[in-house]
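This report concerns only the one structure given below.
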Amino acid sequence: MAPPECSLLILTVVLSTALVGSSVVSVSSLAKSSQLMSVEQELDAARTAIRRAARRHGDLARRGEGNASTASGWFDAGVENALLASVYRNPAAFHRSYTEMEKRFKVYVYEEGEPPIVHAGPCKNIYTIEGRFIEQLELTAPDDVGCVRTSDPAKAHAFFLPLSVTQMVQFAYVPNTYDKTPLHEIVSDYVRVVASRHPFWNRSAGADHFMLSCHDWGPEASRGHPGLYANGIRALCNANTSEGFRPGKDVSIPEINLYDGDTPAQLLAPGPASRPVLAFFAGRRHGPVRDLLLRHWKGRDPDAFPVFEHGHGDDDDQLDYYAFMRRSRFCLCPSGFEVASPRVVEAILAECVPVVVADGYALPFADVLRWEAFSVAVPVAEIPRLREVLERIPATEVERLRKGVRLVKRHFMLHQPPERLDMFHMILHSVWLRRLNLRIMDH
């Protein structure tokens, strides 16, 4: 953690660099109107195509003619139509929306600002997705065929603010003060800079701009600019509806903890057939939900229902955390101090049914995925009955849930470079849907 005087210096340098040579980009009203119409026409064409696919799927389903996902190779060979229909809200609409995104969607990344607070982020900790998303988007060569990034802002459907809240906390926050003013000021100044140099923020009042943060304070940092908080698309791990997260406008993103930057090898291996353990949890008393879980279930049945107060990844930790996940039918994913938990992604990668123990958590990719088809939701108040709830789920239902987990696993994996349908692209797809202002309805 940088000392306060260093933090202030870094903050000054970052903002000063952003302001150097600032000037409003001049765009004639005629050209601007023409480009805007082009972008809006593309969005309209995509909406029309997606609605047509959704209607066709609905017509086929009503006639009993099965699933209309249409794309060869889109889903794994041999996947049952009934499973697709149970896991995806509308497989045909999702397929069409995703392919329209691949064909049309363009994102402009603002160049203002300097690392470490802008254009950089963490790639080897619990906030990994923050750094990896910024890195992958900026490493992409703009304007290549099939590339989402564009160097021409007039062609962009969305504008990315490449701020890292995690880096703000590391370099500008004064430890133990709980004073988030420096975060607010960085966000406010950055938006002010891009709005003064480009016409695009003011054109939409920020509605086609997005930020991404996996830090607990991401939502709070976004309050630094009223327009960003009220109108912008906030892609957040801490997607708590009781704290201002709006699922129709904002984007919930998965939290993933990569200690060395790579997905652990244990989670990439095929899942074992035998799962003798009912449910598993290991973690610290990180917030009131976990405290309640540990008070009720810690040490009560280490063989069938192991609940440990314990960290994984510690040098003195003898617990084989991922081995327990791979031996368990259910993996408990309670909230910490905030609603998101990296255990959700870890469970899915281990092909263990995640049990989301949280209140107010807007789950990632819920625009297209039915979480009830591959997870179990347990309100915090039901923690004392947790084992009973899980034991009452029939074996056939557990197997159905596990099939759902295996089907969605690809959406929760990070690749370098990114691959089709992986976490990076699913986040982009969530932003794309908000730009379309379109909801993929259940079939």
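Numbering starts fresh at 1 for the residues of each chain in the structure tokens, the chains themselves are lettered A, B, ... in the order given, and ligands are numbered from 1 as they appear.
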
Could you give me, as an NGL selection string, each residue of region 171-366 of chain A that DSSP assigns to strand (DSSP E or B) when run on this structure's backbone? :A and (209-213 or 233-236 or 240 or 251-252 or 277-283 or 301 or 305 or 307-309 or 328-334 or 353-357 or 361)

What are the closest atom pairs, with distances in Å to one decimal, for all residues of region 107-173 of chain A lying within 6 Å of region 256-273 of chain A? Consider only C-alpha atoms, order rows by chain and residue number, and present the result as a Markdown table.
| residue | atom | partner | partner_atom | distance |
| --- | --- | --- | --- | --- |
| A:Cys123 | CA | A:Gly261 | CA | 5.8 |
| A:Lys124 | CA | A:Gly261 | CA | 4.6 |
| A:Asn125 | CA | A:Asn257 | CA | 5.2 |
| A:Ile126 | CA | A:Asn257 | CA | 4.0 |

Please give the complete set of residues from region 19-225 of chain A that DSSP, run on the backbone, assigns to helix (DSSP H, G or I), formatted as number ranges by chain. A: 19, 29-62, 81-87, 91-104, 128-139, 153-155, 165-171, 181-197, 200-204, 218-222

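For Arg410 (chain A), the list of residues within 9 Å, based on only C-alpha atoms and with local chain neighbours fewer than 3 positions off taken out, reads Leu349, Arg406, Leu407, Met413, Leu414, Arg420, Leu421, Asp422 and Met423 of chain A.
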
Rows by chain and residue number, region 121-168 of chain A within 10 Å of region 219-226 of chain A, shortest pair, only C-alpha atoms, as a tab-separated table:
residue	atom	partner	partner_atom	distance
A:Ser164	CA	A:Ala221	CA	10.0
A:Val165	CA	A:Ala221	CA	7.0
A:Met168	CA	A:Ala221	CA	9.2

Output file for the residues above (C-alpha atoms, as an mmCIF file, in the first residue's frame):
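After the write, part-v9.cif holds the following:
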data_model
loop_
_atom_site.group_PDB
_atom_site.id
_atom_site.type_symbol
_atom_site.label_atom_id
_atom_site.label_comp_id
_atom_site.auth_asym_id
_atom_site.auth_seq_id
_atom_site.Cartn_x
_atom_site.Cartn_y
_atom_site.Cartn_z
ATOM 1 C CA SER A 164 -9.552 0.050 -11.896
ATOM 2 C CA VAL A 165 -11.183 0.562 -8.512
ATOM 3 C CA MET A 168 -7.504 3.227 -6.785
#
